[in-house]
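Peer 1: Can you keep this structure in mind? I'll have questions shortly.
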Amino acid sequence: MDIRRADQIAASLEQLVFSGEFRDGERLDELRLAEQFHVSRTPIREALQVLVTSGLAEQVPRRGVFIRQPGPVELMEMFETMAEIEAVCGRLAAMRMTDQDIEALTAANERCQEAIQDSDPDRYYSENETFHQIIYRASTNSFLEKQALQLQNRLKAYRRIQLRFRGRLEQSMSEHSEVLLALQEGNADRAASVLRSHVAIQGEKFHQLVASLKR
């Protein structure tokens with residue numbers, strides 16, 4: 001129960017960071033947060049470690065946990081790298097996926113659609129993570145899968161918040177359908193191209209994301 005509550009608190013803290021409640025470099029006080037969320041310090045510590053793991057916060061020995069937001073250049077570089085990693089995963093998966101992999105991917109995609117119908121962006125993101133992780137695993141390259149998972153986790157907070165932009169959920173779902181079709185057909189080049197575009201944040205969307213971090 002503590003771990004699940006910690007994940008909920010971590011998600012709430014992400015939103016507070018993006019809404020400007022916490023600033024870059026600000027120390028996160030365990031006691032004050034425990035009082036704010038009406039919990040013991042244990043789930044707060046767990047939640048802070050979630051933020052540290054994702055890169056949204058930094059653990060400083062003997063000083064505590066501090067908010068750490070990347071600048072726009074670093075953020076763009078991370079998304080560019082993620083897009084290329086996803087493209088490689090998609091290319092390999094298109095050639096190596098089993099029927100069971102396709103079934104699992106189809107089921108994950110259907111759950112994404114259900115989350116949209118229920119107007120639940122957080123559940124959509126959770127199922128979206130599963131959708132992408134199936135592709136990583138289906139690449140059958142364990143080193144590549146590990147790198148993809150690490151960067152997926154690093155960008156989790158930013159990929160989740162951009163799903164709240166107007167129209168993005170429906171657009172993301174449409175892109176999923178293209179990815180699924182390319183993988184079903186075994187079209188490696190198409191799968192790589194669609195996944196690259198799906199993950200990359202370009203133009204207006206990137207400016208919206210950066211603006212949301214400065215509020």
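Here's how to read the names in the structure tokens: chain A, B, ... by the order shown, residue numbers from 1 in each chain, ligand numbers from 1 in the order shown.
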Name all residues at most 12 Å from Ser12 of chain A (count only C-alpha atoms; drop same-chain ones fewer than 6 positions away) and give them as a PDB file with N, CA and C atoms, in the first residue's frame.
Peer 2:
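Result file is part_8.pdb:
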```
ATOM      1  N   ARG A   5       0.834   4.194  -2.831  1.00  0.00           N
ATOM      2  CA  ARG A   5       0.595   5.562  -2.391  1.00  0.00           C
ATOM      3  C   ARG A   5       1.770   6.447  -2.774  1.00  0.00           C
ATOM      4  N   ALA A   6       2.973   5.896  -2.700  1.00  0.00           N
ATOM      5  CA  ALA A   6       4.161   6.663  -3.077  1.00  0.00           C
ATOM      6  C   ALA A   6       4.112   7.060  -4.547  1.00  0.00           C
ATOM      7  N   PHE A  18       5.379  21.153 -12.255  1.00  0.00           N
ATOM      8  CA  PHE A  18       5.032  21.746 -13.540  1.00  0.00           C
ATOM      9  C   PHE A  18       4.099  22.947 -13.402  1.00  0.00           C
ATOM     10  N   SER A  19       3.349  22.995 -12.307  1.00  0.00           N
ATOM     11  CA  SER A  19       2.446  24.135 -12.087  1.00  0.00           C
ATOM     12  C   SER A  19       3.164  25.301 -11.414  1.00  0.00           C
ATOM     13  N   GLU A  21       4.581  25.202  -8.322  1.00  0.00           N
ATOM     14  CA  GLU A  21       4.545  25.128  -6.852  1.00  0.00           C
ATOM     15  C   GLU A  21       5.961  24.939  -6.290  1.00  0.00           C
ATOM     16  N   PHE A  22       6.764  24.173  -7.009  1.00  0.00           N
ATOM     17  CA  PHE A  22       8.162  23.978  -6.635  1.00  0.00           C
ATOM     18  C   PHE A  22       9.045  24.494  -7.768  1.00  0.00           C
ATOM     19  N   LEU A  33       6.004  17.664   3.466  1.00  0.00           N
ATOM     20  CA  LEU A  33       5.245  16.902   2.480  1.00  0.00           C
ATOM     21  C   LEU A  33       4.391  15.829   3.153  1.00  0.00           C
ATOM     22  N   GLN A  36       1.448  17.581   4.341  1.00  0.00           N
ATOM     23  CA  GLN A  36       0.621  18.017   3.218  1.00  0.00           C
ATOM     24  C   GLN A  36      -0.224  16.869   2.653  1.00  0.00           C
ATOM     25  N   PHE A  37       0.386  15.671   2.573  1.00  0.00           N
ATOM     26  CA  PHE A  37      -0.311  14.522   1.986  1.00  0.00           C
ATOM     27  C   PHE A  37      -0.954  13.618   3.044  1.00  0.00           C
ATOM     28  N   ILE A  44       6.599   9.191   1.534  1.00  0.00           N
ATOM     29  CA  ILE A  44       7.207  10.407   0.991  1.00  0.00           C
ATOM     30  C   ILE A  44       8.615  10.100   0.493  1.00  0.00           C
ATOM     31  N   ALA A  47       8.328   8.256  -2.696  1.00  0.00           N
ATOM     32  CA  ALA A  47       7.937   9.152  -3.788  1.00  0.00           C
ATOM     33  C   ALA A  47       9.117   9.991  -4.263  1.00  0.00           C
ATOM     34  N   LEU A  48       9.911  10.480  -3.324  1.00  0.00           N
ATOM     35  CA  LEU A  48      11.072  11.285  -3.698  1.00  0.00           C
ATOM     36  C   LEU A  48      12.076  10.462  -4.497  1.00  0.00           C
ATOM     37  N   VAL A  50      11.272   8.065  -6.489  1.00  0.00           N
ATOM     38  CA  VAL A  50      10.694   7.965  -7.833  1.00  0.00           C
ATOM     39  C   VAL A  50      11.109   9.185  -8.658  1.00  0.00           C
ATOM     40  N   LEU A  51      11.039  10.365  -8.049  1.00  0.00           N
ATOM     41  CA  LEU A  51      11.430  11.587  -8.749  1.00  0.00           C
ATOM     42  C   LEU A  51      12.924  11.586  -9.062  1.00  0.00           C
ATOM     43  N   ASP A 122      -3.930   9.699 -17.141  1.00  0.00           N
ATOM     44  CA  ASP A 122      -2.918   8.978 -16.369  1.00  0.00           C
ATOM     45  C   ASP A 122      -2.960   7.487 -16.684  1.00  0.00           C
ATOM     46  N   ALA A 157       7.963  11.934 -16.777  1.00  0.00           N
ATOM     47  CA  ALA A 157       7.192  13.095 -16.327  1.00  0.00           C
ATOM     48  C   ALA A 157       6.847  14.022 -17.489  1.00  0.00           C
ATOM     49  N   ILE A 161       3.049  14.747 -19.132  1.00  0.00           N
ATOM     50  CA  ILE A 161       2.404  16.062 -19.101  1.00  0.00           C
ATOM     51  C   ILE A 161       2.008  16.520 -20.506  1.00  0.00           C
TER      52      ILE A 161
END
```
Peer 1: Rank A:Ala192, A:Ser119, A:Glu26, A:Glu46 by their smallest atom-to-atom distance to Arg4 of chain A, using only C-alpha atoms, and report the top residue only.
Peer 2: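 Among the listed residues, A:Glu46 lies closest to Arg4 of chain A.
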Peer 1: Go through segment 74-147 of chain A and flag each residue having an atom no more than 8 Å from segment 171-184 of chain A; for those, report the closest pair of atoms plus their distance in Å to one decimal, using only C-alpha atoms, ordered by chain and rising number, as CSV.
Peer 2:
```
residue,atom,partner,partner_atom,distance
A:Gly90,CA,A:Leu183,CA,7.6
A:Ala93,CA,A:Leu183,CA,7.2
A:Ala94,CA,A:Leu183,CA,4.8
A:Met97,CA,A:Leu183,CA,7.9
A:Ile102,CA,A:Gln184,CA,6.8
A:Leu105,CA,A:Leu180,CA,7.5
A:Thr106,CA,A:Leu180,CA,7.3
A:Asn109,CA,A:His176,CA,7.1
A:Cys112,CA,A:Met173,CA,7.4
A:Gln113,CA,A:Met173,CA,7.0
```
Peer 1: Could the residues in this selection be saved with N, CA and C atoms as a PDB file, in the first residue's frame?
Peer 2:
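File result05.pdb, as written:
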```pdb
ATOM      1  N   GLY A  90      11.531  -0.327 -33.088  1.00  0.00           N
ATOM      2  CA  GLY A  90      10.445  -0.632 -34.004  1.00  0.00           C
ATOM      3  C   GLY A  90      10.923  -1.373 -35.234  1.00  0.00           C
ATOM      4  N   ALA A  93      11.761  -4.906 -34.083  1.00  0.00           N
ATOM      5  CA  ALA A  93      10.545  -5.612 -33.676  1.00  0.00           C
ATOM      6  C   ALA A  93       9.711  -6.040 -34.879  1.00  0.00           C
ATOM      7  N   ALA A  94       9.661  -5.200 -35.910  1.00  0.00           N
ATOM      8  CA  ALA A  94       8.883  -5.526 -37.101  1.00  0.00           C
ATOM      9  C   ALA A  94       9.390  -6.809 -37.758  1.00  0.00           C
ATOM     10  N   MET A  97       8.963  -9.816 -34.212  1.00  0.00           N
ATOM     11  CA  MET A  97       7.799 -10.018 -33.338  1.00  0.00           C
ATOM     12  C   MET A  97       7.114 -11.348 -33.608  1.00  0.00           C
ATOM     13  N   ILE A 102       2.288  -9.574 -31.018  1.00  0.00           N
ATOM     14  CA  ILE A 102       1.274  -8.765 -31.713  1.00  0.00           C
ATOM     15  C   ILE A 102      -0.028  -8.754 -30.914  1.00  0.00           C
ATOM     16  N   LEU A 105       0.439  -6.487 -27.938  1.00  0.00           N
ATOM     17  CA  LEU A 105       0.472  -5.090 -28.355  1.00  0.00           C
ATOM     18  C   LEU A 105      -0.928  -4.600 -28.706  1.00  0.00           C
ATOM     19  N   THR A 106      -1.691  -5.430 -29.374  1.00  0.00           N
ATOM     20  CA  THR A 106      -3.074  -5.080 -29.726  1.00  0.00           C
ATOM     21  C   THR A 106      -3.909  -4.867 -28.474  1.00  0.00           C
ATOM     22  N   ASN A 109      -3.018  -1.626 -26.838  1.00  0.00           N
ATOM     23  CA  ASN A 109      -3.568  -0.512 -27.610  1.00  0.00           C
ATOM     24  C   ASN A 109      -5.056  -0.336 -27.328  1.00  0.00           C
ATOM     25  N   CYS A 112      -5.467   1.446 -24.118  1.00  0.00           N
ATOM     26  CA  CYS A 112      -5.211   2.879 -24.316  1.00  0.00           C
ATOM     27  C   CYS A 112      -6.482   3.574 -24.800  1.00  0.00           C
ATOM     28  N   GLN A 113      -7.161   2.939 -25.748  1.00  0.00           N
ATOM     29  CA  GLN A 113      -8.396   3.512 -26.279  1.00  0.00           C
ATOM     30  C   GLN A 113      -9.463   3.607 -25.204  1.00  0.00           C
TER      31      GLN A 113
END
```
Peer 1: So that I can see what lies close to segment 54-62 of chain A, please list as a ChimeraX atom specification the residues with an atom at most 8 Å from it, counting only C-alpha atoms and leaving out residues fewer than 5 positions away in the same chain.
Peer 2: /A:14,48,67-69,153-157
Peer 1: Based on the backbone DSSP call, show me all residues of segment 13-214 of chain A assigned helix (DSSP H, G or I), as an MDAnalysis selection string.
Peer 2: chainID A and resid 13:18 30:37 41:54 72:96 99:117 121:138 142:154 156:162 168:185 188:199 203:214
Peer 1: Could you tell me how far atom CA of Ser139 of chain A sits from atom CA of Leu92 of chain A, in Å to one decimal place?
Peer 2: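 Taking atom CA of Leu92 of chain A as the start and atom CA of Ser139 of chain A as the end point, the length is 4.9 Å.
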Peer 1: List the neighbours of Met82 of chain A out to 9 Å using only C-alpha atoms; skip same-chain residues closer than 5 positions along the sequence, and give me the result as a list in words.
Peer 2: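 Near neighbours after the sequence-gap exclusion: Glu77, Ala87, Ala148, Leu151, Gln152, Leu155, Arg196, Val199 and Ala200 of chain A.
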Peer 1: Those same residues - N, CA and C atoms - I'd like them written as a PDB file, in the first residue's frame.
Peer 2:
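So part-v4.pdb came out as:
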```
ATOM      1  N   GLU A  77      17.378  17.329 -26.587  1.00  0.00           N
ATOM      2  CA  GLU A  77      18.339  16.266 -26.890  1.00  0.00           C
ATOM      3  C   GLU A  77      17.843  14.911 -26.396  1.00  0.00           C
ATOM      4  N   ALA A  87      12.799   4.216 -32.748  1.00  0.00           N
ATOM      5  CA  ALA A  87      12.798   3.852 -34.168  1.00  0.00           C
ATOM      6  C   ALA A  87      13.559   2.552 -34.395  1.00  0.00           C
ATOM      7  N   ALA A 148      16.394   1.714 -23.741  1.00  0.00           N
ATOM      8  CA  ALA A 148      15.079   2.302 -24.003  1.00  0.00           C
ATOM      9  C   ALA A 148      14.296   2.484 -22.704  1.00  0.00           C
ATOM     10  N   LEU A 151      15.730   5.471 -20.605  1.00  0.00           N
ATOM     11  CA  LEU A 151      15.376   6.800 -21.101  1.00  0.00           C
ATOM     12  C   LEU A 151      13.874   7.026 -21.030  1.00  0.00           C
ATOM     13  N   GLN A 152      13.089   5.979 -21.220  1.00  0.00           N
ATOM     14  CA  GLN A 152      11.638   6.105 -21.045  1.00  0.00           C
ATOM     15  C   GLN A 152      11.328   6.582 -19.635  1.00  0.00           C
ATOM     16  N   LEU A 155      12.254  10.271 -19.085  1.00  0.00           N
ATOM     17  CA  LEU A 155      11.364  11.243 -19.725  1.00  0.00           C
ATOM     18  C   LEU A 155       9.902  11.085 -19.297  1.00  0.00           C
ATOM     19  N   ARG A 196       9.442   7.062 -34.685  1.00  0.00           N
ATOM     20  CA  ARG A 196      10.300   8.250 -34.530  1.00  0.00           C
ATOM     21  C   ARG A 196       9.441   9.504 -34.425  1.00  0.00           C
ATOM     22  N   VAL A 199       7.308   9.736 -31.034  1.00  0.00           N
ATOM     23  CA  VAL A 199       8.006  10.089 -29.792  1.00  0.00           C
ATOM     24  C   VAL A 199       8.563  11.504 -29.829  1.00  0.00           C
ATOM     25  N   ALA A 200       9.010  11.946 -30.983  1.00  0.00           N
ATOM     26  CA  ALA A 200       9.624  13.269 -31.081  1.00  0.00           C
ATOM     27  C   ALA A 200       8.620  14.363 -30.753  1.00  0.00           C
TER      28      ALA A 200
END
```
